[in-house]
>>> print(open('target_37.cif').read())   # mmCIF, C-alpha atoms and all ligand atoms
data_data
loop_
_atom_site.group_PDB
_atom_site.id
_atom_site.type_symbol
_atom_site.label_atom_id
_atom_site.label_comp_id
_atom_site.auth_asym_id
_atom_site.auth_seq_id
_atom_site.Cartn_x
_atom_site.Cartn_y
_atom_site.Cartn_z
ATOM 1 C CA MET V 289 91.295 104.771 116.482
ATOM 2 C CA LYS V 290 93.585 102.597 114.365
ATOM 3 C CA LEU V 291 96.354 104.516 112.698
ATOM 4 C CA VAL V 292 95.343 103.586 109.174
ATOM 5 C CA LYS V 293 91.918 105.173 109.675
ATOM 6 C CA LEU V 294 93.302 108.190 111.498
ATOM 7 C CA ILE V 295 95.763 108.947 108.686
ATOM 8 C CA ALA V 296 93.240 108.279 105.897
ATOM 9 C CA ASN V 297 90.754 110.613 107.645
ATOM 10 C CA LEU V 298 93.369 113.362 107.570
ATOM 11 C CA GLY V 299 93.252 113.162 103.755
ATOM 12 C CA TYR V 300 96.716 111.651 103.175
ATOM 13 C CA GLY V 301 95.205 108.916 100.996
ATOM 14 C CA SER V 302 92.589 106.179 100.790
ATOM 15 C CA ARG V 303 92.890 103.369 103.327
ATOM 16 C CA LYS V 304 94.511 101.287 100.609
ATOM 17 C CA GLN V 305 97.066 103.993 99.864
ATOM 18 C CA VAL V 306 97.785 104.547 103.557
ATOM 19 C CA THR V 307 98.187 100.782 104.072
ATOM 20 C CA GLN V 308 100.824 100.879 101.339
ATOM 21 C CA MET V 309 102.605 103.735 103.171
ATOM 22 C CA PHE V 310 102.799 101.495 106.256
ATOM 23 C CA ARG V 311 104.235 98.675 104.126
ATOM 24 C CA GLU V 312 106.880 101.027 102.808
ATOM 25 C CA GLY V 313 107.886 101.916 106.393
ATOM 26 C CA ARG V 314 107.066 105.588 105.836
ATOM 27 C CA ILE V 315 105.036 105.846 109.023
ATOM 28 C CA THR V 316 107.015 105.889 112.248
ATOM 29 C CA ASP V 317 106.779 107.191 115.768
ATOM 30 C CA ASP V 318 108.729 110.173 117.073
ATOM 31 C CA ALA V 319 111.649 107.867 117.926
ATOM 32 C CA GLY V 320 111.825 106.560 114.338
ATOM 33 C CA GLU V 321 110.256 103.128 115.116
ATOM 34 C CA VAL V 322 108.236 101.828 112.174
ATOM 35 C CA LEU V 323 104.511 101.671 112.959
ATOM 36 C CA TYR V 324 101.841 99.285 111.693
ATOM 37 C CA ALA V 325 98.361 99.979 110.324
ATOM 38 C CA ASP V 326 96.539 98.617 113.347
ATOM 39 C CA ASP V 327 98.741 100.297 115.956
ATOM 40 C CA ALA V 328 97.019 102.873 118.153
ATOM 41 C CA VAL V 329 99.567 105.582 118.902
ATOM 42 C CA ALA V 330 98.864 109.153 120.016
ATOM 43 C CA HIS V 331 98.448 111.455 117.022
ATOM 44 C CA ALA V 332 101.211 113.795 118.243
ATOM 45 C CA ARG V 333 103.789 110.972 118.183
ATOM 46 C CA VAL V 334 103.140 109.826 114.613
ATOM 47 C CA ARG V 335 105.442 110.854 111.769
ATOM 48 C CA LEU V 336 104.885 110.428 108.021
ATOM 49 C CA ASP V 337 108.171 110.586 106.111
ATOM 50 C CA GLY V 338 109.598 112.010 109.340
ATOM 51 C CA GLU V 339 107.090 114.888 109.469
ATOM 52 C CA PRO V 340 104.386 115.360 112.130
ATOM 53 C CA LEU V 341 100.812 114.849 110.913
ATOM 54 C CA ASP V 342 98.379 117.681 110.221
ATOM 55 C CA PRO V 343 96.314 118.686 113.263
ATOM 56 C CA PRO V 344 93.667 116.235 114.446
ATOM 57 C CA GLN V 345 89.935 116.839 114.198
ATOM 58 C CA GLY V 346 88.932 120.113 115.874
ATOM 59 C CA LEU V 347 91.037 122.504 113.810
ATOM 60 C CA LEU V 348 90.210 126.132 113.192
ATOM 61 C CA LEU V 349 92.104 128.111 110.586
ATOM 62 C CA MET V 350 91.978 131.611 109.180
ATOM 63 C CA LEU V 351 92.352 132.287 105.471
ATOM 64 C CA HIS V 352 92.848 135.664 103.826
ATOM 65 C CA LYS V 353 90.469 134.998 100.965
ATOM 66 C CA PRO V 354 91.346 136.814 97.762
ATOM 67 C CA THR V 355 88.571 137.851 95.352
ATOM 68 C CA GLY V 356 87.779 135.303 92.644
ATOM 69 C CA TYR V 357 87.534 132.266 94.941
ATOM 70 C CA THR V 358 84.243 130.576 95.877
ATOM 71 C CA CYS V 359 83.418 129.159 99.331
ATOM 72 C CA SER V 360 82.411 125.794 97.873
ATOM 73 C CA THR V 361 83.869 122.355 97.274
ATOM 74 C CA LYS V 362 82.124 121.903 93.932
ATOM 75 C CA ASP V 363 82.334 125.149 91.962
ATOM 76 C CA PRO V 364 84.046 124.555 88.584
ATOM 77 C CA GLY V 365 86.099 127.748 89.077
ATOM 78 C CA ARG V 366 88.621 128.555 91.784
ATOM 79 C CA VAL V 367 87.576 127.520 95.292
ATOM 80 C CA VAL V 368 89.029 128.416 98.687
ATOM 81 C CA TYR V 369 90.246 124.815 99.110
ATOM 82 C CA ASP V 370 92.719 125.469 96.268
ATOM 83 C CA LEU V 371 94.591 127.705 98.743
ATOM 84 C CA LEU V 372 95.087 124.917 101.322
ATOM 85 C CA PRO V 373 97.173 121.740 101.042
ATOM 86 C CA PRO V 374 95.241 119.393 98.668
ATOM 87 C CA ARG V 375 94.649 116.809 101.411
ATOM 88 C CA TYR V 376 92.586 119.298 103.455
ATOM 89 C CA ARG V 377 89.740 118.930 100.976
ATOM 90 C CA LEU V 378 89.788 115.147 101.584
ATOM 91 C CA ARG V 379 89.614 115.201 105.362
ATOM 92 C CA ASP V 380 86.819 113.408 107.176
ATOM 93 C CA PRO V 381 85.126 115.230 108.826
ATOM 94 C CA LEU V 382 85.206 117.890 106.163
ATOM 95 C CA VAL V 383 86.871 121.237 106.792
ATOM 96 C CA SER V 384 84.058 123.711 106.010
ATOM 97 C CA THR V 385 83.946 127.461 105.741
ATOM 98 C CA VAL V 386 82.439 129.230 108.755
ATOM 99 C CA GLY V 387 79.731 131.121 106.892
ATOM 100 C CA ARG V 388 80.619 132.370 103.440
ATOM 101 C CA LEU V 389 82.132 135.281 101.633
ATOM 102 C CA ASP V 390 80.963 135.966 98.074
ATOM 103 C CA ARG V 391 83.312 135.142 95.231
ATOM 104 C CA ASP V 392 84.019 138.848 94.783
ATOM 105 C CA THR V 393 84.551 139.571 98.503
ATOM 106 C CA SER V 394 88.025 139.356 100.014
ATOM 107 C CA GLY V 395 89.157 139.129 103.606
ATOM 108 C CA LEU V 396 88.989 137.085 106.750
ATOM 109 C CA LEU V 397 87.424 133.646 106.357
ATOM 110 C CA LEU V 398 87.441 130.979 109.066
ATOM 111 C CA MET V 399 87.387 127.258 108.285
ATOM 112 C CA THR V 400 86.843 124.384 110.689
ATOM 113 C CA ASP V 401 85.972 120.696 110.915
ATOM 114 C CA ASP V 402 84.302 121.227 114.291
ATOM 115 C CA GLY V 403 80.545 121.439 113.730
ATOM 116 C CA ALA V 404 79.768 122.658 117.255
ATOM 117 C CA LEU V 405 82.338 125.444 116.977
ATOM 118 C CA LEU V 406 81.006 126.429 113.562
ATOM 119 C CA HIS V 407 77.535 126.675 115.029
ATOM 120 C CA ARG V 408 78.757 128.715 118.015
ATOM 121 C CA ILE V 409 80.379 131.261 115.693
ATOM 122 C CA THR V 410 77.586 131.546 113.127
ATOM 123 C CA SER V 411 74.602 131.269 115.461
ATOM 124 C CA PRO V 412 72.545 134.486 115.449
ATOM 125 C CA LYS V 413 72.599 134.236 119.240
ATOM 126 C CA ALA V 414 76.378 134.746 119.229
ATOM 127 C CA GLN V 415 75.946 138.278 117.794
ATOM 128 C CA LEU V 416 79.608 138.293 116.771
ATOM 129 C CA PRO V 417 80.432 141.569 115.003
ATOM 130 C CA LYS V 418 81.891 141.298 111.498
ATOM 131 C CA VAL V 419 83.575 144.398 110.140
ATOM 132 C CA TYR V 420 83.727 145.059 106.391
ATOM 133 C CA GLU V 421 84.990 147.855 104.233
ATOM 134 C CA ALA V 422 83.075 148.637 101.046
ATOM 135 C CA VAL V 423 83.922 150.764 98.038
ATOM 136 C CA LEU V 424 80.741 152.045 96.436
ATOM 137 C CA GLY V 425 79.657 152.885 92.912
ATOM 138 C CA SER V 426 77.960 156.171 93.927
ATOM 139 C CA ASP V 427 78.370 158.717 96.711
ATOM 140 C CA LEU V 428 76.777 157.944 100.058
ATOM 141 C CA ARG V 429 73.521 159.866 100.251
ATOM 142 C CA GLY V 430 73.605 160.557 103.984
ATOM 143 C CA ASP V 431 70.728 158.526 105.392
ATOM 144 C CA GLU V 432 72.478 155.114 105.328
ATOM 145 C CA ALA V 433 73.280 155.140 109.050
ATOM 146 C CA GLU V 434 69.618 155.696 109.838
ATOM 147 C CA VAL V 435 68.340 153.075 107.361
ATOM 148 C CA PHE V 436 70.916 150.379 108.235
ATOM 149 C CA GLY V 437 70.664 151.074 111.970
ATOM 150 C CA SER V 438 66.875 151.044 112.065
ATOM 151 C CA GLY V 439 66.332 147.338 112.621
ATOM 152 C CA THR V 440 63.398 147.558 110.191
ATOM 153 C CA LEU V 441 65.150 147.256 106.808
ATOM 154 C CA MET V 442 63.532 144.393 104.865
ATOM 155 C CA LEU V 443 65.457 142.891 101.986
ATOM 156 C CA GLU V 444 63.610 141.287 99.091
ATOM 157 C CA SER V 445 62.528 137.666 99.740
ATOM 158 C CA GLU V 446 63.461 137.872 103.445
ATOM 159 C CA LYS V 447 60.849 137.168 106.117
ATOM 160 C CA THR V 448 62.367 139.226 108.933
ATOM 161 C CA PRO V 449 63.979 142.675 108.961
ATOM 162 C CA LEU V 450 67.719 143.007 109.290
ATOM 163 C CA ALA V 451 69.236 143.484 112.720
ATOM 164 C CA PRO V 452 70.621 147.006 113.145
ATOM 165 C CA ALA V 453 73.964 147.449 111.384
ATOM 166 C CA VAL V 454 76.491 150.225 111.892
ATOM 167 C CA ILE V 455 77.976 152.222 109.016
ATOM 168 C CA GLU V 456 80.865 154.657 109.324
ATOM 169 C CA PRO V 457 81.610 156.724 106.207
ATOM 170 C CA LEU V 458 85.327 156.686 105.331
ATOM 171 C CA GLY V 459 84.959 158.909 102.255
ATOM 172 C CA PRO V 460 82.241 159.827 99.730
ATOM 173 C CA ARG V 461 82.270 156.299 98.251
ATOM 174 C CA ARG V 462 83.853 154.254 101.005
ATOM 175 C CA ALA V 463 82.375 152.952 104.246
ATOM 176 C CA ARG V 464 83.023 150.595 107.131
ATOM 177 C CA ILE V 465 80.030 148.388 107.970
ATOM 178 C CA THR V 466 79.589 146.249 111.077
ATOM 179 C CA LEU V 467 77.086 143.394 110.935
ATOM 180 C CA VAL V 468 76.043 140.921 113.611
ATOM 181 C CA GLU V 469 74.358 138.556 111.150
ATOM 182 C CA GLY V 470 75.294 137.042 107.833
ATOM 183 C CA ARG V 471 72.539 136.864 105.275
ATOM 184 C CA TYR V 472 73.080 136.049 101.627
ATOM 185 C CA HIS V 473 74.900 138.935 99.829
ATOM 186 C CA GLN V 474 73.820 141.049 102.781
ATOM 187 C CA ILE V 475 75.954 144.158 102.313
ATOM 188 C CA ARG V 476 75.492 144.229 98.543
ATOM 189 C CA ARG V 477 71.718 143.990 99.035
ATOM 190 C CA MET V 478 71.728 146.620 101.797
ATOM 191 C CA PHE V 479 73.405 149.134 99.510
ATOM 192 C CA ALA V 480 71.111 148.170 96.628
ATOM 193 C CA ALA V 481 68.203 149.019 98.965
ATOM 194 C CA VAL V 482 69.534 152.591 99.251
ATOM 195 C CA GLY V 483 70.140 152.973 95.502
ATOM 196 C CA ASN V 484 73.885 152.277 95.543
ATOM 197 C CA HIS V 485 76.050 149.345 94.621
ATOM 198 C CA VAL V 486 79.153 147.756 96.085
ATOM 199 C CA GLU V 487 82.193 147.774 93.820
ATOM 200 C CA SER V 488 84.475 145.968 96.236
ATOM 201 C CA LEU V 489 84.079 144.441 99.659
ATOM 202 C CA HIS V 490 86.622 143.251 102.204
ATOM 203 C CA ARG V 491 86.113 141.675 105.634
ATOM 204 C CA HIS V 492 88.645 142.873 108.198
ATOM 205 C CA THR V 493 87.535 141.247 111.426
ATOM 206 C CA LEU V 494 85.273 138.585 112.876
ATOM 207 C CA GLY V 495 84.511 138.918 116.572
ATOM 208 C CA GLY V 496 87.757 140.237 118.027
ATOM 209 C CA LEU V 497 89.988 138.493 115.474
ATOM 210 C CA GLY V 498 91.659 140.476 112.709
ATOM 211 C CA LEU V 499 93.630 139.444 109.630
ATOM 212 C CA ASP V 500 96.613 141.230 111.102
ATOM 213 C CA ARG V 501 99.185 141.168 108.310
ATOM 214 C CA LEU V 502 98.292 137.850 106.751
ATOM 215 C CA PRO V 503 98.801 138.328 102.987
ATOM 216 C CA ALA V 504 95.978 137.580 100.526
ATOM 217 C CA GLY V 505 95.854 133.889 99.616
ATOM 218 C CA GLU V 506 97.616 132.771 102.806
ATOM 219 C CA TRP V 507 96.247 130.971 105.842
ATOM 220 C CA ARG V 508 97.295 130.015 109.336
ATOM 221 C CA MET V 509 96.088 127.648 112.005
ATOM 222 C CA LEU V 510 94.454 129.386 114.984
ATOM 223 C CA ASP V 511 95.529 128.616 118.529
ATOM 224 C CA GLU V 512 93.637 128.933 121.795
ATOM 225 C CA ALA V 513 94.407 132.657 122.152
ATOM 226 C CA ASP V 514 93.051 133.320 118.632
ATOM 227 C CA ARG V 515 89.923 131.305 119.427
ATOM 228 C CA ALA V 516 89.357 133.394 122.527
ATOM 229 C CA ARG V 517 89.768 136.500 120.336
ATOM 230 C CA VAL V 518 86.973 135.307 118.018
ATOM 231 C CA PHE V 519 84.578 135.343 120.953
ATOM 232 C CA GLY V 520 86.132 138.323 122.709
ATOM 233 C CA GLY V 521 87.003 141.854 121.609
ATOM 234 C CA GLY V 522 90.029 143.653 120.298
ATOM 235 C CA GLY V 523 90.154 142.838 116.544
ATOM 236 C CA SER V 524 92.500 144.819 114.344
HETATM 237 N N1 LIG M 1 77.900 140.827 102.487
HETATM 238 C C1 LIG M 1 77.984 140.606 101.156
HETATM 239 O O1 LIG M 1 77.239 141.181 100.377
HETATM 240 N N2 LIG M 1 78.892 139.723 100.735
HETATM 241 C C2 LIG M 1 79.756 139.083 101.538
HETATM 242 O O2 LIG M 1 80.589 138.310 101.070
HETATM 243 C C3 LIG M 1 79.656 139.339 102.918
HETATM 244 C C4 LIG M 1 78.723 140.220 103.376
#
>>> encode(input="target_37.cif", output="C-alpha cells")
Amino acid sequence: MKLVKLIANLGYGSRKQVTQMFREGRITDDAGEVLYADDAVAHARVRLDGEPLDPPQGLLLMLHKPTGYTCSTKDPGRVVYDLLPPRYRLRDPLVSTVGRLDRDTSGLLLMTDDGALLHRITSPKAQLPKVYEAVLGSDLRGDEAEVFGSGTLMLESEKTPLAPAVIEPLGPRRARITLVEGRYHQIRRMFAAVGNHVESLHRHTLGGLGLDRLPAGEWRMLDEADRARVFGGGGS
C-alpha cells in the first residue's frame, strides 16, 4: 500500500493533509531519509516527526472504561473514543468496541479493528466468561443462584432463555456474576427479574484477561500474551 494511504488510514489526516506532511519532509524512514507519498516502505520503518506510527491494522487494546462514557461513535455525550488519541476515531478500518458496556458500567472493555477477532471473542460459541461485580439496591433474597443458574430465565422481549450464569454473594447487597453471553443490559435485567436493581456495575475480567492495575480512563495495547489470555484462563 502506498504510504499516503497507509498514513491517512491510521487517522493522521486526510490524504490531502498527509500529502502536505510529505511535502514538508515530516515523514522519513528510520534512518532519517525523507520519504515520498507513493513510496512503499514497511510500516515499522516509517517515522512521522521522528516518531514511529501507531500500530497497523489488527490492533487489540484494553480500556478501563469509567462510568459516564458511551460505547458509541455518535453519542452527543462522552464516548469511549474520547479516552484514546483523537486519530483513533478516524482510522480505517474503524476501531470498534468488542461488545458494549452500558454508559453506567465501568471496567474492562476491549477495542479492535480486526473484525474476525471481534467475532471470535463475542461469538456465543466462544463461551468466554465475563466477570462483573454488582452493588445492589436491595438485599439478595437467596434464590438468585438458582434462578440465574437455571438456564431457563427468560428476559422480557427475548426469544431464548439466558444461558446459566453464576452468582457469588460478596455481601448482602454485593455480588460477583459470571456470564458467558452478552445481551443488552443483561445483568441489570437479570436483577430486575428477581425484584432487585443494580446500583453500580463493574467488569473485572474477560476470558482470562484482567484489568490488572490499569487506572480508570487509561488504556493499553495488548500483545500476543494478552491475546492468548483472552482465550485462555487465569484472569485477575
Ligand atoms: N450487563 C449489564 O447490565 N450492563 C453491562 O454493561 C454489562 C452487562
>>> closest_atom_pairs(input="target_37.cif", of="stretch 310-358 of chain V", to="stretch 481-505 of chain V", cutoff="10 Å", atoms="all atoms listed in the file", output="JSON lines")
{"residue": "V:Met350", "atom": "CA", "partner": "V:Leu499", "partner_atom": "CA", "distance": 8.0}
{"residue": "V:Leu351", "atom": "CA", "partner": "V:Gly505", "partner_atom": "CA", "distance": 7.0}
{"residue": "V:His352", "atom": "CA", "partner": "V:Ala504", "partner_atom": "CA", "distance": 4.9}
{"residue": "V:Lys353", "atom": "CA", "partner": "V:Gly505", "partner_atom": "CA", "distance": 5.7}
{"residue": "V:Pro354", "atom": "CA", "partner": "V:Ala504", "partner_atom": "CA", "distance": 5.4}
{"residue": "V:Thr355", "atom": "CA", "partner": "V:His490", "partner_atom": "CA", "distance": 8.9}
{"residue": "V:Tyr357", "atom": "CA", "partner": "V:Gly505", "partner_atom": "CA", "distance": 9.7}
>>> atom_distance(input="target_37.cif", atom1="atom CA of V:Leu323", atom2="atom CA of V:Phe310")
6.9 Å
>>> residues_near_ligand(input="target_37.cif", ligand="ligand LIG 1 (chain M)", cutoff="7 Å", atoms="only C-alpha atoms and all ligand atoms", output="compact mmCIF listing (two decimals) with C-alpha atoms, keeping the file's coordinate frame")
# COMPACT_ATOMS: atom_id res chain seq x y z
CA ARG V 388 80.62 132.37 103.44
CA LEU V 389 82.13 135.28 101.63
CA ASP V 390 80.96 135.97 98.07
CA THR V 393 84.55 139.57 98.50
CA GLY V 470 75.29 137.04 107.83
CA TYR V 472 73.08 136.05 101.63
CA HIS V 473 74.90 138.94 99.83
CA GLN V 474 73.82 141.05 102.78
CA ILE V 475 75.95 144.16 102.31
CA ARG V 476 75.49 144.23 98.54
CA ARG V 477 71.72 143.99 99.04
>>> closest_residue(input="target_37.cif", among="V:Ala422, V:Met478, V:Leu347, V:Leu458", to="V:Leu405", atoms="only C-alpha atoms")
V:Leu347
>>> atom_distance(input="target_37.cif", atom1="atom CA of V:Lys362", atom2="atom CA of V:Arg379")
15.2 Å
>>> resolve_selection(input="target_37.cif", expression="the PyMOL selection byres (((chain V and resi 346) around 12) and not hetatm)", output="PyMOL selection string")
chain V and resi 298+342-345+347-349+379-384+399-406+509-512+515
>>> write_last_selection(input="target_37.cif", atoms="C-alpha atoms", output="PDB file, keeping the file's coordinate frame")
ATOM      1  CA  LEU V 298      93.369 113.362 107.570  1.00  0.00           C
ATOM      2  CA  ASP V 342      98.379 117.681 110.221  1.00  0.00           C
ATOM      3  CA  PRO V 343      96.314 118.686 113.263  1.00  0.00           C
ATOM      4  CA  PRO V 344      93.667 116.235 114.446  1.00  0.00           C
ATOM      5  CA  GLN V 345      89.935 116.839 114.198  1.00  0.00           C
ATOM      6  CA  LEU V 347      91.037 122.504 113.810  1.00  0.00           C
ATOM      7  CA  LEU V 348      90.210 126.132 113.192  1.00  0.00           C
ATOM      8  CA  LEU V 349      92.104 128.111 110.586  1.00  0.00           C
ATOM      9  CA  ARG V 379      89.614 115.201 105.362  1.00  0.00           C
ATOM     10  CA  ASP V 380      86.819 113.408 107.176  1.00  0.00           C
ATOM     11  CA  PRO V 381      85.126 115.230 108.826  1.00  0.00           C
ATOM     12  CA  LEU V 382      85.206 117.890 106.163  1.00  0.00           C
ATOM     13  CA  VAL V 383      86.871 121.237 106.792  1.00  0.00           C
ATOM     14  CA  SER V 384      84.058 123.711 106.010  1.00  0.00           C
ATOM     15  CA  MET V 399      87.387 127.258 108.285  1.00  0.00           C
ATOM     16  CA  THR V 400      86.843 124.384 110.689  1.00  0.00           C
ATOM     17  CA  ASP V 401      85.972 120.696 110.915  1.00  0.00           C
ATOM     18  CA  ASP V 402      84.302 121.227 114.291  1.00  0.00           C
ATOM     19  CA  GLY V 403      80.545 121.439 113.730  1.00  0.00           C
ATOM     20  CA  ALA V 404      79.768 122.658 117.255  1.00  0.00           C
ATOM     21  CA  LEU V 405      82.338 125.444 116.977  1.00  0.00           C
ATOM     22  CA  LEU V 406      81.006 126.429 113.562  1.00  0.00           C
ATOM     23  CA  MET V 509      96.088 127.648 112.005  1.00  0.00           C
ATOM     24  CA  LEU V 510      94.454 129.386 114.984  1.00  0.00           C
ATOM     25  CA  ASP V 511      95.529 128.616 118.529  1.00  0.00           C
ATOM     26  CA  GLU V 512      93.637 128.933 121.795  1.00  0.00           C
ATOM     27  CA  ARG V 515      89.923 131.305 119.427  1.00  0.00           C
TER      28      ARG V 515
END
>>> closest_residue(input="target_37.cif", among="V:Ala328, V:Val367, V:Leu294, V:Ala319", to="V:Leu341", atoms="only C-alpha atoms")
V:Leu294
>>> decode(input="target_37.cif", residues="stretch 366-392 of chain V", atoms="N, CA and C atoms", output="short mmCIF file (atom, residue, chain, number, x, y, z; two decimals), in the first residue's frame")
data_model
loop_
_atom_site.label_atom_id
_atom_site.label_comp_id
_atom_site.auth_asym_id
_atom_site.auth_seq_id
_atom_site.Cartn_x
_atom_site.Cartn_y
_atom_site.Cartn_z
N ARG V 366 -20.22 12.02 26.39
CA ARG V 366 -18.86 11.48 26.37
C ARG V 366 -18.88 10.07 25.79
N VAL V 367 -17.90 9.77 24.94
CA VAL V 367 -17.81 8.44 24.33
C VAL V 367 -16.42 7.87 24.60
N VAL V 368 -16.33 6.53 24.54
CA VAL V 368 -15.05 5.90 24.89
C VAL V 368 -13.90 6.38 24.00
N TYR V 369 -14.21 6.81 22.77
CA TYR V 369 -13.16 7.29 21.87
C TYR V 369 -12.48 8.55 22.42
N ASP V 370 -13.20 9.29 23.29
CA ASP V 370 -12.60 10.50 23.88
C ASP V 370 -11.39 10.13 24.74
N LEU V 371 -11.27 8.86 25.13
CA LEU V 371 -10.18 8.44 26.01
C LEU V 371 -8.95 7.96 25.23
N LEU V 372 -9.08 7.89 23.91
CA LEU V 372 -7.97 7.44 23.05
C LEU V 372 -7.43 8.66 22.30
N PRO V 373 -6.24 8.53 21.68
CA PRO V 373 -5.77 9.64 20.85
C PRO V 373 -6.83 9.95 19.78
N PRO V 374 -7.08 11.25 19.48
CA PRO V 374 -8.17 11.62 18.57
C PRO V 374 -8.12 10.89 17.22
N ARG V 375 -6.91 10.59 16.75
CA ARG V 375 -6.84 9.95 15.41
C ARG V 375 -7.39 8.53 15.41
N TYR V 376 -7.51 7.88 16.58
CA TYR V 376 -8.02 6.51 16.60
C TYR V 376 -9.45 6.43 16.12
N ARG V 377 -10.19 7.49 16.32
CA ARG V 377 -11.60 7.52 15.88
C ARG V 377 -11.69 7.65 14.36
N LEU V 378 -10.57 8.07 13.72
CA LEU V 378 -10.58 8.33 12.28
C LEU V 378 -9.93 7.20 11.49
N ARG V 379 -9.54 6.14 12.18
CA ARG V 379 -8.85 5.06 11.46
C ARG V 379 -9.80 4.32 10.53
N ASP V 380 -9.24 3.80 9.47
CA ASP V 380 -9.99 2.97 8.52
C ASP V 380 -9.15 1.71 8.30
N PRO V 381 -9.62 0.52 8.71
CA PRO V 381 -10.93 0.25 9.30
C PRO V 381 -11.06 0.81 10.72
N LEU V 382 -12.32 1.01 11.07
CA LEU V 382 -12.67 1.61 12.35
C LEU V 382 -12.24 0.73 13.53
N VAL V 383 -11.81 1.36 14.59
CA VAL V 383 -11.54 0.64 15.84
C VAL V 383 -12.88 0.59 16.59
N SER V 384 -13.45 -0.62 16.74
CA SER V 384 -14.76 -0.74 17.39
C SER V 384 -14.64 -1.37 18.75
N THR V 385 -15.65 -1.17 19.56
CA THR V 385 -15.67 -1.84 20.87
C THR V 385 -16.04 -3.31 20.64
N VAL V 386 -15.46 -4.17 21.45
CA VAL V 386 -15.76 -5.61 21.37
C VAL V 386 -16.93 -5.84 22.32
N GLY V 387 -18.14 -5.86 21.79
CA GLY V 387 -19.32 -5.84 22.64
C GLY V 387 -19.45 -4.44 23.23
N ARG V 388 -20.30 -4.30 24.22
CA ARG V 388 -20.52 -2.99 24.82
C ARG V 388 -20.63 -3.08 26.32
N LEU V 389 -20.30 -2.00 26.96
CA LEU V 389 -20.66 -1.83 28.38
C LEU V 389 -21.60 -0.64 28.41
N ASP V 390 -22.62 -0.69 29.27
CA ASP V 390 -23.55 0.43 29.39
C ASP V 390 -22.80 1.68 29.82
N ARG V 391 -23.44 2.82 29.59
CA ARG V 391 -22.83 4.09 30.00
C ARG V 391 -22.47 4.07 31.49
N ASP V 392 -23.35 3.47 32.29
CA ASP V 392 -23.12 3.50 33.74
C ASP V 392 -22.34 2.29 34.25
#
